[in-house]
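First up is the structure itself, then whatever we jot down about it.
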Amino acid sequence: VDANLITEDEFDKILISKCIVELEKKHPRLVMAAQLLVILGFRCGLRRSEAIGLSLHDFHMDDPSFLFIRPNRFRGLKTPNALRALPIGALLNNEEHELFKVWFDLRQEETRGQAGPHYFFSVPEQGGPVLSEKSIFEKIREAFGEVTGDPTLRFHHLRHSFATWTLLKLMLAEEN
């Protein structure tokens with residue numbers, strides 16, 4: 001098992017790393033998209049394909065907020081067990097939750113009156129229904145190396161980190 005983990009401190013630094021901020025040169029909204037993808041991996045344990053293929057329909061931003069992981073026309077799920085509902089209101093901190101609301105509202109406005117499906121990670125000026133995986137995940141991976149010094153880390157390590165840190169928090173909560 002690849003046991004490399006990203007710490008909370010490293011996660012915070014990745015979100016504002018030079019590699020992520022450089023995405024602004026391609027399009028100003030790509031910085032926020034990359035940050036949201038990293039948050040989904042670290043705080044919710046999403047796989048790369050699950051995150052990039054989310055639709056607006058998968059988000060329920062009312063209180064309590066939920067994210068539904070389910071197949072759509074853009075991508076399937078790894079297994080039938082990958083179908084799930086995540087309480088993002090509980091998994092994200094207030095600042096992260098607000099960032100999702102801002103992006104969600106922006107995408108809702110952009111797609112108002114248009115036939116769907118409407119993907120969450122889309123920038124209309126970039127063409128295509130979703131962001132280019134190669135360009136955005138390449139920069140995220142570079143950010144991992146920049147912050148941690150480990151160039152072998154990839155997006156899936158966020159999923160491992162999520163599982164490990166969540167288990168630790170639950171074990172510590174039981175002791176109190």
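If you're wondering about the labels, chains in the structure tokens are A, B, ... by order shown, residues count from 1 in each chain, ligands from 1 in order shown.
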Could you give me, as an NGL selection string, the residues within 9 Å of A:Phe137, counting only C-alpha atoms and dropping anything in the same chain fewer than 6 positions from it?
:A and (34 or 37 or 48 or 154-155)
Once DSSP has gone over the backbone, tell me which residues of stretch 9-135 of chain A are in alpha helix (DSSP H), as JSON, numbers by chain.
{"A": [9, 10, 11, 12, 13, 14, 15, 18, 19, 20, 21, 29, 30, 31, 32, 33, 34, 35, 36, 37, 38, 39, 40, 41, 42, 43, 44, 48, 49, 50, 51, 52, 88, 89, 90, 91, 94, 95, 96, 97, 98, 99, 100, 101, 102, 103, 104, 105, 106, 107, 108, 109, 110, 111, 133, 134, 135]}
With C-alpha atoms retained, export the selected residues as a tab-separated table (two decimals), in the first residue's frame.
```tsv
chain	number	residue	atom	x	y	z
A	9	ASP	CA	-0.70	22.02	6.67
A	10	GLU	CA	0.42	20.72	3.27
A	11	PHE	CA	-3.19	20.77	2.06
A	12	ASP	CA	-3.50	24.45	3.00
A	13	LYS	CA	-0.24	25.25	1.20
A	14	ILE	CA	-1.25	23.31	-1.92
A	15	LEU	CA	-4.40	25.44	-2.27
A	18	LYS	CA	2.53	28.83	-7.13
A	19	CYS	CA	1.55	25.93	-9.42
A	20	ILE	CA	-2.16	26.42	-8.69
A	21	VAL	CA	-2.02	30.22	-8.87
A	29	ARG	CA	-11.47	30.64	-12.92
A	30	LEU	CA	-9.07	27.70	-13.23
A	31	VAL	CA	-7.45	28.63	-9.91
A	32	MET	CA	-10.75	28.23	-8.08
A	33	ALA	CA	-11.55	25.04	-10.01
A	34	ALA	CA	-8.20	23.49	-9.00
A	35	GLN	CA	-8.75	24.51	-5.38
A	36	LEU	CA	-12.23	22.96	-5.38
A	37	LEU	CA	-10.88	19.73	-6.88
A	38	VAL	CA	-8.17	19.49	-4.20
A	39	ILE	CA	-10.77	20.16	-1.51
A	40	LEU	CA	-13.01	17.39	-2.87
A	41	GLY	CA	-10.12	14.95	-2.79
A	42	PHE	CA	-8.82	15.86	0.67
A	43	ARG	CA	-12.08	16.59	2.53
A	44	CYS	CA	-14.45	14.17	0.77
A	48	ARG	CA	-10.21	12.10	-9.82
A	49	SER	CA	-12.88	10.93	-12.29
A	50	GLU	CA	-15.65	11.34	-9.71
A	51	ALA	CA	-14.64	14.93	-9.03
A	52	ILE	CA	-14.09	16.17	-12.59
A	88	ILE	CA	-20.39	18.29	2.57
A	89	GLY	CA	-21.79	20.71	5.12
A	90	ALA	CA	-20.11	18.57	7.78
A	91	LEU	CA	-16.96	17.67	5.83
A	94	ASN	CA	-17.08	27.33	6.40
A	95	GLU	CA	-14.62	28.96	3.99
A	96	GLU	CA	-14.49	25.86	1.76
A	97	HIS	CA	-18.27	25.50	1.83
A	98	GLU	CA	-18.64	29.14	0.80
A	99	LEU	CA	-16.20	28.62	-2.08
A	100	PHE	CA	-18.42	25.77	-3.35
A	101	LYS	CA	-21.53	27.96	-3.04
A	102	VAL	CA	-19.88	30.74	-5.06
A	103	TRP	CA	-18.88	28.33	-7.87
A	104	PHE	CA	-22.27	26.58	-7.75
A	105	ASP	CA	-24.16	29.89	-8.03
A	106	LEU	CA	-21.91	31.01	-10.89
A	107	ARG	CA	-22.48	27.76	-12.80
A	108	GLN	CA	-26.24	27.94	-12.11
A	109	GLU	CA	-26.33	31.44	-13.62
A	110	GLU	CA	-24.24	30.38	-16.65
A	111	THR	CA	-26.54	27.46	-17.42
A	133	GLU	CA	-8.32	16.93	-17.08
A	134	LYS	CA	-4.76	16.94	-18.34
A	135	SER	CA	-4.04	20.62	-17.81
```
In stretch 20-142 of chain A, what's strand (DSSP E) per DSSP? Answer as an mmCIF file with N, CA, C and O atoms, in the first residue's frame?
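This went into part38.cif:
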```cif
data_model
loop_
_atom_site.group_PDB
_atom_site.id
_atom_site.type_symbol
_atom_site.label_atom_id
_atom_site.label_comp_id
_atom_site.auth_asym_id
_atom_site.auth_seq_id
_atom_site.Cartn_x
_atom_site.Cartn_y
_atom_site.Cartn_z
ATOM 1 N N PHE A 59 -25.092 18.388 -6.630
ATOM 2 C CA PHE A 59 -24.951 19.243 -5.446
ATOM 3 C C PHE A 59 -26.312 19.696 -4.951
ATOM 4 O O PHE A 59 -27.148 20.142 -5.732
ATOM 5 N N HIS A 60 -26.507 19.570 -3.642
ATOM 6 C CA HIS A 60 -27.687 20.123 -2.979
ATOM 7 C C HIS A 60 -27.147 21.062 -1.914
ATOM 8 O O HIS A 60 -26.679 20.631 -0.868
ATOM 9 N N PHE A 66 -25.441 18.498 0.653
ATOM 10 C CA PHE A 66 -25.013 17.148 0.301
ATOM 11 C C PHE A 66 -24.438 17.139 -1.108
ATOM 12 O O PHE A 66 -24.822 17.938 -1.954
ATOM 13 N N LEU A 67 -23.536 16.202 -1.321
ATOM 14 C CA LEU A 67 -22.990 15.925 -2.641
ATOM 15 C C LEU A 67 -23.287 14.463 -2.937
ATOM 16 O O LEU A 67 -22.938 13.580 -2.144
ATOM 17 N N PHE A 68 -23.936 14.215 -4.067
ATOM 18 C CA PHE A 68 -24.283 12.858 -4.460
ATOM 19 C C PHE A 68 -23.312 12.379 -5.530
ATOM 20 O O PHE A 68 -23.163 13.020 -6.572
ATOM 21 N N ILE A 69 -22.655 11.270 -5.258
ATOM 22 C CA ILE A 69 -21.731 10.672 -6.212
ATOM 23 C C ILE A 69 -22.502 9.583 -6.943
ATOM 24 O O ILE A 69 -22.893 8.581 -6.336
ATOM 25 N N ARG A 84 -22.855 7.163 -3.571
ATOM 26 C CA ARG A 84 -22.950 7.590 -2.182
ATOM 27 C C ARG A 84 -23.399 9.047 -2.070
ATOM 28 O O ARG A 84 -23.370 9.788 -3.035
ATOM 29 N N ALA A 85 -23.808 9.406 -0.863
ATOM 30 C CA ALA A 85 -24.192 10.780 -0.527
ATOM 31 C C ALA A 85 -23.235 11.270 0.551
ATOM 32 O O ALA A 85 -23.059 10.616 1.574
ATOM 33 N N LEU A 86 -22.618 12.406 0.307
ATOM 34 C CA LEU A 86 -21.644 12.955 1.252
ATOM 35 C C LEU A 86 -22.192 14.227 1.885
ATOM 36 O O LEU A 86 -22.604 15.150 1.173
#
```
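Closest approach to A:Ala163 among A:Gly45, A:Pro28, A:Gly145, A:Gly53: A:Gly45, based on only C-alpha atoms.
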Report as a count of residues only all protein, DNA and RNA residues lying within 9 Å of A:Ser17, evaluated on only C-alpha atoms, omitting residues in the same chain fewer than 5 positions from it.
6
Minimum-distance residue to A:Ile140, chosen among A:His27, A:Leu170, A:Ile16, A:Phe74 (using only C-alpha atoms)
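Closest candidate: A:Ile16.
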Could you check how far atom CA of A:Asp58 sits from atom CA of A:Glu138, in Å to one decimal?
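One can read the atom CA of A:Asp58 to atom CA of A:Glu138 distance as 25.0 Å.
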For the atom pair atom CA of A:Glu24 and atom CA of A:Leu5, what is the interatomic distance in Å to one decimal place?
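Pair atom CA of A:Glu24 / atom CA of A:Leu5 returns 27.3 Å.
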Which residues come within 12 Å of A:Lys78, counting only C-alpha atoms, excluding same-chain residues fewer than 2 positions away, as an MDAnalysis selection string?
chainID A and resid 46:50 69:71 75:76 80:83
Between A:Lys139, A:His57, A:Arg159, A:His118, which residue has the minimum interatomic distance to A:Lys26, considering only C-alpha atoms?
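For A:Lys26, the nearest of the candidates is A:Lys139.
Distances here use only C-alpha atoms; by that measure, the residue among A:Asp150, A:Asp63, A:Phe121, A:Leu54 closest to A:Leu77 is A:Leu54.
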